[in-house]
$ cat query_13.cif   # mmCIF, C-alpha atoms
data_coords
#
loop_
_atom_site.group_PDB
_atom_site.id
_atom_site.type_symbol
_atom_site.label_atom_id
_atom_site.label_comp_id
_atom_site.auth_asym_id
_atom_site.auth_seq_id
_atom_site.Cartn_x
_atom_site.Cartn_y
_atom_site.Cartn_z
ATOM 1 C CA MET A 17 52.277 114.892 110.884
ATOM 2 C CA ARG A 18 51.851 111.835 113.089
ATOM 3 C CA SER A 19 49.370 112.510 115.906
ATOM 4 C CA SER A 20 50.465 112.685 119.547
ATOM 5 C CA ARG A 21 48.242 109.723 120.364
ATOM 6 C CA GLY A 22 49.772 107.726 117.506
ATOM 7 C CA ARG A 23 53.262 108.408 118.821
ATOM 8 C CA ARG A 24 52.257 107.315 122.304
ATOM 9 C CA LEU A 25 50.739 104.061 121.103
ATOM 10 C CA ARG A 26 53.712 103.141 118.912
ATOM 11 C CA PHE A 27 56.234 104.042 121.548
ATOM 12 C CA ALA A 28 54.360 102.053 124.181
ATOM 13 C CA GLY A 29 55.059 99.010 122.041
ATOM 14 C CA LEU A 30 58.757 99.797 122.082
ATOM 15 C CA CYS A 31 58.755 100.041 125.853
ATOM 16 C CA LEU A 32 56.695 96.853 126.107
ATOM 17 C CA VAL A 33 54.387 98.654 128.514
ATOM 18 C CA VAL A 34 50.619 98.646 127.984
ATOM 19 C CA VAL A 35 49.410 101.862 129.567
ATOM 20 C CA THR A 36 47.324 104.919 128.779
ATOM 21 C CA CYS A 37 49.225 108.043 129.686
ATOM 22 C CA HIS A 38 49.253 111.790 129.164
ATOM 23 C CA VAL A 39 52.314 113.620 127.930
ATOM 24 C CA SER A 40 53.865 115.711 130.692
ATOM 25 C CA SER A 41 56.771 118.092 130.408
ATOM 26 C CA GLY A 42 58.928 116.736 133.245
ATOM 27 C CA SER A 43 62.408 118.018 133.970
ATOM 28 C CA GLN A 44 65.906 116.655 134.096
ATOM 29 C CA GLU A 45 65.887 116.983 137.888
ATOM 30 C CA SER A 46 62.778 114.796 138.200
ATOM 31 C CA LEU A 47 64.090 112.011 135.970
ATOM 32 C CA PRO A 48 66.328 110.267 138.568
ATOM 33 C CA GLU A 49 63.385 110.295 140.956
ATOM 34 C CA LEU A 50 61.160 108.717 138.307
ATOM 35 C CA PHE A 51 63.714 105.988 137.653
ATOM 36 C CA SER A 52 64.006 105.403 141.391
ATOM 37 C CA GLY A 53 60.257 104.865 141.562
ATOM 38 C CA LEU A 54 60.636 101.848 139.285
ATOM 39 C CA LYS A 55 62.333 100.071 142.201
ATOM 40 C CA ASN A 56 59.537 100.694 144.685
ATOM 41 C CA PRO A 57 58.482 97.381 146.328
ATOM 42 C CA ASP A 58 54.827 98.368 145.945
ATOM 43 C CA ILE A 59 53.559 97.226 142.546
ATOM 44 C CA GLU A 60 51.058 100.066 142.192
ATOM 45 C CA ALA A 61 53.779 102.606 142.891
ATOM 46 C CA ARG A 62 56.000 100.915 140.307
ATOM 47 C CA ASN A 63 53.201 101.048 137.731
ATOM 48 C CA ARG A 64 52.692 104.755 138.389
ATOM 49 C CA ALA A 65 56.436 105.314 137.996
ATOM 50 C CA SER A 66 56.449 103.325 134.764
ATOM 51 C CA GLN A 67 53.623 105.437 133.351
ATOM 52 C CA ALA A 68 55.400 108.608 134.412
ATOM 53 C CA VAL A 69 58.676 107.548 132.799
ATOM 54 C CA LEU A 70 56.858 106.617 129.597
ATOM 55 C CA SER A 71 55.086 109.976 129.572
ATOM 56 C CA TYR A 72 58.391 111.760 130.140
ATOM 57 C CA THR A 73 60.030 109.738 127.346
ATOM 58 C CA VAL A 74 57.348 110.508 124.760
ATOM 59 C CA ASN A 75 57.581 114.208 125.539
ATOM 60 C CA TRP A 76 61.394 114.130 125.575
ATOM 61 C CA ILE A 77 61.606 112.669 122.071
ATOM 62 C CA GLN A 78 59.664 115.652 120.731
ATOM 63 C CA GLN A 79 61.972 118.283 122.228
ATOM 64 C CA ASP A 80 64.772 120.285 120.638
ATOM 65 C CA PRO A 81 68.240 118.638 120.650
ATOM 66 C CA ALA A 82 69.662 120.860 123.397
ATOM 67 C CA THR A 83 66.805 120.003 125.759
ATOM 68 C CA MET A 84 67.166 116.301 124.993
ATOM 69 C CA ARG A 85 70.904 116.336 125.711
ATOM 70 C CA LYS A 86 70.313 117.778 129.183
ATOM 71 C CA ALA A 87 68.713 114.486 130.185
ATOM 72 C CA PHE A 88 71.628 112.313 129.015
ATOM 73 C CA PRO A 89 73.480 112.146 132.369
ATOM 74 C CA ALA A 90 70.397 110.861 134.183
ATOM 75 C CA ILE A 91 69.536 108.355 131.426
ATOM 76 C CA LEU A 92 73.086 107.021 131.172
ATOM 77 C CA ALA A 93 73.255 106.658 134.944
ATOM 78 C CA ALA A 94 70.008 104.661 134.808
ATOM 79 C CA LEU A 95 71.529 102.406 132.124
ATOM 80 C CA ASP A 96 74.102 101.372 134.724
ATOM 81 C CA ASP A 97 71.561 100.718 137.480
ATOM 82 C CA ASP A 98 71.473 97.300 139.133
ATOM 83 C CA ASN A 99 67.717 97.083 138.552
ATOM 84 C CA ALA A 100 66.799 95.582 135.166
ATOM 85 C CA ASP A 101 63.504 97.503 134.949
ATOM 86 C CA VAL A 102 65.341 100.792 135.362
ATOM 87 C CA ARG A 103 67.805 99.874 132.620
ATOM 88 C CA LEU A 104 64.980 98.750 130.349
ATOM 89 C CA GLN A 105 63.117 102.045 130.701
ATOM 90 C CA ALA A 106 66.341 103.998 130.193
ATOM 91 C CA SER A 107 67.186 102.043 127.052
ATOM 92 C CA ALA A 108 63.721 102.841 125.693
ATOM 93 C CA PHE A 109 64.661 106.536 125.592
ATOM 94 C CA PHE A 110 67.357 105.811 123.055
ATOM 95 C CA SER A 111 65.425 103.247 121.012
ATOM 96 C CA GLY A 112 62.646 105.800 120.665
ATOM 97 C CA LEU A 113 65.097 108.499 119.655
ATOM 98 C CA GLY A 114 66.535 106.232 116.980
ATOM 99 C CA ARG A 115 63.096 105.430 115.638
ATOM 100 C CA PHE A 116 61.479 108.858 115.674
ATOM 101 C CA ARG A 117 64.439 111.223 115.209
ATOM 102 C CA LYS A 118 66.285 109.579 112.331
ATOM 103 C CA HIS A 119 66.725 112.907 110.561
ATOM 104 C CA ASP A 120 68.781 114.433 113.393
ATOM 105 C CA GLY A 121 69.533 111.480 115.655
ATOM 106 C CA HIS A 122 73.288 111.509 115.084
ATOM 107 C CA ALA A 123 73.468 115.207 115.847
ATOM 108 C CA ILE A 124 71.509 114.710 119.079
ATOM 109 C CA LEU A 125 73.458 111.716 120.360
ATOM 110 C CA GLY A 126 76.955 112.917 119.463
ATOM 111 C CA THR A 127 79.585 111.150 121.577
ATOM 112 C CA VAL A 128 76.886 109.318 123.560
ATOM 113 C CA GLU A 129 76.633 106.840 120.687
ATOM 114 C CA LEU A 130 79.860 105.186 121.829
ATOM 115 C CA GLU A 131 78.474 104.956 125.360
ATOM 116 C CA LEU A 132 75.446 103.081 124.031
ATOM 117 C CA ILE A 133 77.591 100.695 121.990
ATOM 118 C CA LYS A 134 79.630 99.890 125.104
ATOM 119 C CA ARG A 135 76.415 98.830 126.814
ATOM 120 C CA PHE A 136 75.350 96.314 124.152
ATOM 121 C CA ASP A 137 76.495 93.618 126.601
ATOM 122 C CA ASP A 138 73.764 94.337 129.147
ATOM 123 C CA PRO A 139 72.545 91.098 130.795
ATOM 124 C CA HIS A 140 68.902 91.928 130.003
ATOM 125 C CA PRO A 141 68.081 90.900 126.397
ATOM 126 C CA ARG A 142 65.483 93.628 125.895
ATOM 127 C CA VAL A 143 67.945 96.280 126.996
ATOM 128 C CA ARG A 144 70.443 94.927 124.485
ATOM 129 C CA ARG A 145 67.811 94.997 121.753
ATOM 130 C CA ASN A 146 66.771 98.575 122.561
ATOM 131 C CA LEU A 147 70.328 99.888 122.486
ATOM 132 C CA MET A 148 71.165 98.042 119.287
ATOM 133 C CA ALA A 149 67.934 99.322 117.738
ATOM 134 C CA ALA A 150 68.899 102.886 118.629
ATOM 135 C CA ILE A 151 72.206 102.664 116.772
ATOM 136 C CA ALA A 152 70.818 100.572 113.905
ATOM 137 C CA SER A 153 67.976 103.028 113.266
ATOM 138 C CA LEU A 154 70.384 105.915 112.676
ATOM 139 C CA GLY A 155 72.300 104.217 109.884
ATOM 140 C CA PRO A 156 75.933 104.789 108.817
ATOM 141 C CA ALA A 157 78.176 106.936 110.993
ATOM 142 C CA PRO A 158 81.891 106.855 110.119
ATOM 143 C CA ALA A 159 82.866 108.352 113.478
ATOM 144 C CA TYR A 160 82.117 105.108 115.303
ATOM 145 C CA MET A 161 81.882 102.617 112.441
ATOM 146 C CA SER A 162 84.596 100.196 113.599
ATOM 147 C CA GLN A 163 83.269 100.011 117.168
ATOM 148 C CA ALA A 164 79.715 99.459 115.932
ATOM 149 C CA ILE A 165 80.748 96.721 113.511
ATOM 150 C CA GLU A 166 82.688 94.895 116.217
ATOM 151 C CA ALA A 167 79.814 95.135 118.690
ATOM 152 C CA PHE A 168 77.115 94.063 116.241
ATOM 153 C CA GLU A 169 79.242 91.164 114.958
ATOM 154 C CA LYS A 170 79.695 89.945 118.528
ATOM 155 C CA HIS A 171 75.937 89.845 119.023
ATOM 156 C CA LEU A 172 75.335 87.729 115.949
ATOM 157 C CA ASN A 173 76.000 84.983 118.520
ATOM 158 C CA ASP A 174 73.693 86.472 121.147
ATOM 159 C CA PRO A 175 71.732 83.773 123.036
ATOM 160 C CA ASP A 176 68.573 85.836 122.499
ATOM 161 C CA PHE A 177 67.307 85.347 118.936
ATOM 162 C CA PRO A 178 65.625 88.770 118.596
ATOM 163 C CA ALA A 179 68.931 90.320 119.681
ATOM 164 C CA ARG A 180 70.721 88.338 116.965
ATOM 165 C CA GLY A 181 68.204 89.648 114.471
ATOM 166 C CA MET A 182 68.776 93.203 115.683
ATOM 167 C CA ALA A 183 72.528 92.661 115.236
ATOM 168 C CA VAL A 184 71.886 91.621 111.625
ATOM 169 C CA LEU A 185 69.835 94.770 111.059
ATOM 170 C CA GLY A 186 72.505 96.870 112.745
ATOM 171 C CA LEU A 187 75.327 95.565 110.578
ATOM 172 C CA ALA A 188 73.321 95.950 107.387
ATOM 173 C CA ARG A 189 72.357 99.545 108.233
ATOM 174 C CA VAL A 190 75.467 100.873 109.959
ATOM 175 C CA ALA A 191 78.032 99.280 107.641
ATOM 176 C CA PRO A 192 76.247 98.398 104.370
ATOM 177 C CA ASP A 193 79.465 98.265 102.340
ATOM 178 C CA SER A 194 81.773 96.670 104.893
ATOM 179 C CA ALA A 195 83.186 93.337 103.698
ATOM 180 C CA SER A 196 83.516 92.199 107.303
ATOM 181 C CA ALA A 197 79.906 93.027 108.111
ATOM 182 C CA VAL A 198 78.580 91.416 104.925
ATOM 183 C CA ASP A 199 80.598 88.240 105.510
ATOM 184 C CA ALA A 200 79.352 88.038 109.091
ATOM 185 C CA ILE A 201 75.701 88.350 108.012
ATOM 186 C CA VAL A 202 76.086 85.717 105.288
ATOM 187 C CA SER A 203 77.886 83.364 107.679
ATOM 188 C CA LEU A 204 75.085 83.642 110.242
ATOM 189 C CA ILE A 205 72.433 82.880 107.619
ATOM 190 C CA ASP A 206 74.429 79.875 106.401
ATOM 191 C CA ARG A 207 74.816 78.359 109.852
ATOM 192 C CA THR A 208 71.142 78.872 110.732
ATOM 193 C CA SER A 209 69.646 75.570 109.664
ATOM 194 C CA ASP A 210 66.110 75.983 111.004
ATOM 195 C CA PRO A 211 63.983 77.506 108.191
ATOM 196 C CA GLU A 212 61.798 79.541 110.528
ATOM 197 C CA THR A 213 64.783 81.024 112.358
ATOM 198 C CA ARG A 214 66.466 81.756 109.052
ATOM 199 C CA ARG A 215 63.288 83.428 107.852
ATOM 200 C CA GLY A 216 63.389 85.664 110.913
ATOM 201 C CA LEU A 217 66.901 86.799 110.013
ATOM 202 C CA ILE A 218 65.869 87.483 106.416
ATOM 203 C CA GLN A 219 62.890 89.445 107.692
ATOM 204 C CA MET A 220 65.179 91.653 109.795
ATOM 205 C CA LEU A 221 67.147 92.488 106.665
ATOM 206 C CA SER A 222 64.031 94.039 105.148
ATOM 207 C CA GLY A 223 64.449 97.003 107.482
ATOM 208 C CA ALA A 224 67.908 97.683 106.067
ATOM 209 C CA LYS A 225 67.178 97.127 102.363
ATOM 210 C CA PRO A 226 70.723 95.830 101.756
ATOM 211 C CA ARG A 227 72.284 96.620 98.390
ATOM 212 C CA HIS A 228 75.498 94.612 98.622
ATOM 213 C CA PRO A 229 75.698 91.977 95.817
ATOM 214 C CA THR A 230 76.875 89.266 98.225
ATOM 215 C CA ILE A 231 73.777 89.662 100.379
ATOM 216 C CA ILE A 232 71.518 89.832 97.324
ATOM 217 C CA ARG A 233 72.961 86.521 96.128
ATOM 218 C CA LYS A 234 72.464 84.980 99.554
ATOM 219 C CA LEU A 235 68.829 86.044 99.434
ATOM 220 C CA ILE A 236 68.434 84.496 95.991
ATOM 221 C CA GLU A 237 69.741 81.205 97.401
ATOM 222 C CA GLN A 238 66.855 81.150 99.878
ATOM 223 C CA LEU A 239 64.422 80.820 96.966
ATOM 224 C CA GLU A 240 65.687 77.263 96.415
ATOM 225 C CA TYR A 241 64.550 76.034 99.819
ATOM 226 C CA ASP A 242 61.414 73.949 100.370
ATOM 227 C CA SER A 243 60.052 76.213 103.117
ATOM 228 C CA ALA A 244 57.144 78.165 101.628
ATOM 229 C CA LEU A 245 57.327 80.795 104.365
ATOM 230 C CA LEU A 246 61.064 81.314 103.878
ATOM 231 C CA ARG A 247 60.590 81.741 100.135
ATOM 232 C CA LYS A 248 57.620 84.070 100.589
ATOM 233 C CA THR A 249 59.539 86.288 103.025
ATOM 234 C CA THR A 250 62.605 86.363 100.784
ATOM 235 C CA VAL A 251 60.551 87.332 97.737
ATOM 236 C CA ARG A 252 58.994 90.179 99.695
ATOM 237 C CA VAL A 253 62.390 91.405 100.936
ATOM 238 C CA LEU A 254 63.830 91.335 97.422
ATOM 239 C CA GLY A 255 60.910 93.435 96.235
ATOM 240 C CA GLU A 256 61.444 95.919 99.057
ATOM 241 C CA ILE A 257 65.120 96.255 98.108
ATOM 242 C CA GLY A 258 64.052 97.277 94.608
ATOM 243 C CA PRO A 259 66.434 97.875 91.660
ATOM 244 C CA PRO A 260 69.612 96.760 93.496
ATOM 245 C CA ALA A 261 68.058 93.267 93.607
ATOM 246 C CA ALA A 262 67.941 93.013 89.782
ATOM 247 C CA GLU A 263 70.134 89.914 89.905
ATOM 248 C CA ALA A 264 67.145 88.080 91.405
ATOM 249 C CA LEU A 265 64.904 88.706 88.379
ATOM 250 C CA PRO A 266 65.565 85.402 86.537
ATOM 251 C CA LYS A 267 64.643 83.398 89.617
ATOM 252 C CA LEU A 268 61.644 85.591 90.352
ATOM 253 C CA TYR A 269 60.380 85.092 86.796
ATOM 254 C CA GLU A 270 60.822 81.362 87.194
ATOM 255 C CA ILE A 271 58.670 81.415 90.322
ATOM 256 C CA ALA A 272 56.067 83.761 88.825
ATOM 257 C CA LEU A 273 55.587 81.648 85.720
ATOM 258 C CA ASP A 274 55.692 78.181 87.284
ATOM 259 C CA PRO A 275 52.112 76.820 87.445
ATOM 260 C CA SER A 276 53.166 74.327 90.136
ATOM 261 C CA THR A 277 54.120 77.189 92.487
ATOM 262 C CA PRO A 278 51.453 78.260 95.024
ATOM 263 C CA GLN A 279 49.436 81.194 93.746
ATOM 264 C CA GLU A 280 50.335 83.442 96.688
ATOM 265 C CA LEU A 281 54.051 82.978 96.054
ATOM 266 C CA ARG A 282 53.605 83.572 92.326
ATOM 267 C CA GLN A 283 51.783 86.830 93.045
ATOM 268 C CA GLY A 284 54.523 87.829 95.457
ATOM 269 C CA ALA A 285 57.142 87.213 92.778
ATOM 270 C CA LYS A 286 55.204 89.339 90.275
ATOM 271 C CA SER A 287 54.998 92.170 92.782
ATOM 272 C CA ALA A 288 58.721 91.889 93.496
ATOM 273 C CA ILE A 289 59.538 92.014 89.775
ATOM 274 C CA LYS A 290 57.460 95.159 89.437
ATOM 275 C CA SER A 291 59.172 96.758 92.442
ATOM 276 C CA ILE A 292 62.612 95.927 91.123
ATOM 277 C CA GLY A 293 61.613 97.806 88.007
ATOM 278 C CA ASN A 294 62.100 95.444 85.083
ATOM 279 C CA VAL A 295 60.036 96.310 82.001
ATOM 280 C CA LYS A 296 58.825 92.735 81.682
ATOM 281 C CA GLN A 297 55.613 91.826 83.435
ATOM 282 C CA PRO A 298 54.851 88.107 83.865
ATOM 283 C CA ASP A 299 51.393 86.750 83.344
ATOM 284 C CA GLY A 300 49.996 83.267 83.565
ATOM 285 C CA GLY A 301 51.410 82.131 80.265
ATOM 286 C CA GLY A 302 54.703 83.911 79.757
ATOM 287 C CA ALA A 303 56.647 87.118 80.066
ATOM 288 C CA LYS A 304 55.670 90.077 77.922
ATOM 289 C CA GLN A 305 58.263 92.245 76.247
#

$ encode --input "query_13.cif" --output "structure tokens"
Amino acid sequence: MRSSRGRRLRFAGLCLVVVTCHVSSGSQESLPELFSGLKNPDIEARNRASQAVLSYTVNWIQQDPATMRKAFPAILAALDDDNADVRLQASAFFSGLGRFRKHDGHAILGTVELELIKRFDDPHPRVRRNLMAAIASLGPAPAYMSQAIEAFEKHLNDPDFPARGMAVLGLARVAPDSASAVDAIVSLIDRTSDPETRRGLIQMLSGAKPRHPTIIRKLIEQLEYDSALLRKTTVRVLGEIGPPAAEALPKLYEIALDPSTPQELRQGAKSAIKSIGNVKQPDGGGAKQ
């Protein structure tokens, strides 16, 4: 089981707050007051409030579903606050839930999932990312599939690049077999001309491990580009996808066996081939049967 300290450190990264805090129980009644403290004009008071909210959040994520749901009214109210810091801290509750409660996240959120999707348009980019991450982390959910697809597709044009990447991850996880979602992902990759930006989108797909043949073929296309980093990232993602990426094997063998290819990329291709599960194993001189 992951240690309490480990959870705190990882979740602090999600909140983008660097603090050392102790887990406290807190109560639903105290949560609005904690959020209010984030608006205090005194910076030290705001920092104390931020630490307290983070401590409350870490403890909250470990509670039983019924206890977690009791806090929803206060958190949702904070998501509609005029203060961006309040909304950011509130959104971190749900991004943490999505990350650490994947096994029962849908059951905990229930109808609140639609409320989160409605708030994808928040003016603060980090709030948008947190809310999209919460929904993306939980994977497919037929009850709100159409609303999620529409919202994620909209944010493929988000002015914030990390938010666009989160929208890619969201579509690939929430609607892995949707033709609309797949077409939208492929279209975004195609119109992203900068290799580094395109690599970032491909990297986001690794968290979804897409299985759709159209996306697999689009990944294979990336292996033709000159960018070494783009090719390296794509090879790694194909390996992480595993057997569903079998269509990539011919190209991966070509890379693994080409002496003009950088050694690091060749090794990456060999690892990907092994992960995909083909019985052939390339060496320096040819493929063994």

$ resolve_selection --input "query_13.cif" --expression "the PyMOL selection byres ((chain A and resi 239-247) around 12)" --output "PyMOL selection string"
chain A and resi 209-219+232-238+248-254+264-271+277-282+284-285

$ write_last_selection --input "query_13.cif" --atoms "C-alpha atoms" --output "PDB file, in the frame of the given file"
ATOM      1  CA  SER A 209      69.646  75.570 109.664  1.00  0.00           C
ATOM      2  CA  ASP A 210      66.110  75.983 111.004  1.00  0.00           C
ATOM      3  CA  PRO A 211      63.983  77.506 108.191  1.00  0.00           C
ATOM      4  CA  GLU A 212      61.798  79.541 110.528  1.00  0.00           C
ATOM      5  CA  THR A 213      64.783  81.024 112.358  1.00  0.00           C
ATOM      6  CA  ARG A 214      66.466  81.756 109.052  1.00  0.00           C
ATOM      7  CA  ARG A 215      63.288  83.428 107.852  1.00  0.00           C
ATOM      8  CA  GLY A 216      63.389  85.664 110.913  1.00  0.00           C
ATOM      9  CA  LEU A 217      66.901  86.799 110.013  1.00  0.00           C
ATOM     10  CA  ILE A 218      65.869  87.483 106.416  1.00  0.00           C
ATOM     11  CA  GLN A 219      62.890  89.445 107.692  1.00  0.00           C
ATOM     12  CA  ILE A 232      71.518  89.832  97.324  1.00  0.00           C
ATOM     13  CA  ARG A 233      72.961  86.521  96.128  1.00  0.00           C
ATOM     14  CA  LYS A 234      72.464  84.980  99.554  1.00  0.00           C
ATOM     15  CA  LEU A 235      68.829  86.044  99.434  1.00  0.00           C
ATOM     16  CA  ILE A 236      68.434  84.496  95.991  1.00  0.00           C
ATOM     17  CA  GLU A 237      69.741  81.205  97.401  1.00  0.00           C
ATOM     18  CA  GLN A 238      66.855  81.150  99.878  1.00  0.00           C
ATOM     19  CA  LYS A 248      57.620  84.070 100.589  1.00  0.00           C
ATOM     20  CA  THR A 249      59.539  86.288 103.025  1.00  0.00           C
ATOM     21  CA  THR A 250      62.605  86.363 100.784  1.00  0.00           C
ATOM     22  CA  VAL A 251      60.551  87.332  97.737  1.00  0.00           C
ATOM     23  CA  ARG A 252      58.994  90.179  99.695  1.00  0.00           C
ATOM     24  CA  VAL A 253      62.390  91.405 100.936  1.00  0.00           C
ATOM     25  CA  LEU A 254      63.830  91.335  97.422  1.00  0.00           C
ATOM     26  CA  ALA A 264      67.145  88.080  91.405  1.00  0.00           C
ATOM     27  CA  LEU A 265      64.904  88.706  88.379  1.00  0.00           C
ATOM     28  CA  PRO A 266      65.565  85.402  86.537  1.00  0.00           C
ATOM     29  CA  LYS A 267      64.643  83.398  89.617  1.00  0.00           C
ATOM     30  CA  LEU A 268      61.644  85.591  90.352  1.00  0.00           C
ATOM     31  CA  TYR A 269      60.380  85.092  86.796  1.00  0.00           C
ATOM     32  CA  GLU A 270      60.822  81.362  87.194  1.00  0.00           C
ATOM     33  CA  ILE A 271      58.670  81.415  90.322  1.00  0.00           C
ATOM     34  CA  THR A 277      54.120  77.189  92.487  1.00  0.00           C
ATOM     35  CA  PRO A 278      51.453  78.260  95.024  1.00  0.00           C
ATOM     36  CA  GLN A 279      49.436  81.194  93.746  1.00  0.00           C
ATOM     37  CA  GLU A 280      50.335  83.442  96.688  1.00  0.00           C
ATOM     38  CA  LEU A 281      54.051  82.978  96.054  1.00  0.00           C
ATOM     39  CA  ARG A 282      53.605  83.572  92.326  1.00  0.00           C
ATOM     40  CA  GLY A 284      54.523  87.829  95.457  1.00  0.00           C
ATOM     41  CA  ALA A 285      57.142  87.213  92.778  1.00  0.00           C
TER      42      ALA A 285
END

$ resolve_selection --input "query_13.cif" --expression "the PyMOL selection byres ((chain A and resi 86) around 12)" --output "MDAnalysis selection string"
chainID A and resid 43:45 47 76 79:85 87:92 124:125

$ write_last_selection --input "query_13.cif" --atoms "C-alpha atoms" --output "short mmCIF file (atom, residue, chain, number, x, y, z; two decimals), keeping the file's coordinate frame"
data_model
loop_
_atom_site.label_atom_id
_atom_site.label_comp_id
_atom_site.auth_asym_id
_atom_site.auth_seq_id
_atom_site.Cartn_x
_atom_site.Cartn_y
_atom_site.Cartn_z
CA SER A 43 62.41 118.02 133.97
CA GLN A 44 65.91 116.66 134.10
CA GLU A 45 65.89 116.98 137.89
CA LEU A 47 64.09 112.01 135.97
CA TRP A 76 61.39 114.13 125.58
CA GLN A 79 61.97 118.28 122.23
CA ASP A 80 64.77 120.28 120.64
CA PRO A 81 68.24 118.64 120.65
CA ALA A 82 69.66 120.86 123.40
CA THR A 83 66.81 120.00 125.76
CA MET A 84 67.17 116.30 124.99
CA ARG A 85 70.90 116.34 125.71
CA ALA A 87 68.71 114.49 130.18
CA PHE A 88 71.63 112.31 129.01
CA PRO A 89 73.48 112.15 132.37
CA ALA A 90 70.40 110.86 134.18
CA ILE A 91 69.54 108.36 131.43
CA LEU A 92 73.09 107.02 131.17
CA ILE A 124 71.51 114.71 119.08
CA LEU A 125 73.46 111.72 120.36
#

$ closest_atom_pairs --input "query_13.cif" --of "region 211-270 of chain A" --to "region 176-191 of chain A" --cutoff "6 Å" --atoms "all atoms listed in the file" --output "Markdown table"
| residue | atom | partner | partner_atom | distance |
| --- | --- | --- | --- | --- |
| A:Leu217 | CA | A:Gly181 | CA | 5.4 |
| A:Met220 | CA | A:Leu185 | CA | 5.7 |
| A:Leu221 | CA | A:Leu185 | CA | 5.6 |
| A:Ala224 | CA | A:Arg189 | CA | 5.3 |

$ resolve_selection --input "query_13.cif" --expression "the PyMOL selection byres ((chain A and resi 193-197) around 10)" --output "MDAnalysis selection string"
chainID A and resid 156 161:162 165:166 168:169 184 186:192 198:203 226:230

$ atom_distance --input "query_13.cif" --atom1 "CA of Thr127 (chain A)" --atom2 "CA of Gly155 (chain A)"
15.4 Å

$ atom_distance --input "query_13.cif" --atom1 "CA of Gly112 (chain A)" --atom2 "CA of Ser52 (chain A)"
20.8 Å

$ residues_near_point --input "query_13.cif" --point "(77.9, 109.0, 122.5)" --cutoff "12 Å" --atoms "all atoms listed in the file" --output "ChimeraX atom specification"
/A:85,88-89,92,110,121-135,147,150-151,157,159-160,163-164

$ closest_residue --input "query_13.cif" --among "A:Arg142, A:Lys55, A:Lys170, A:Arg207" --to "Ala94 (chain A)" --atoms "only C-alpha atoms"
A:Lys55
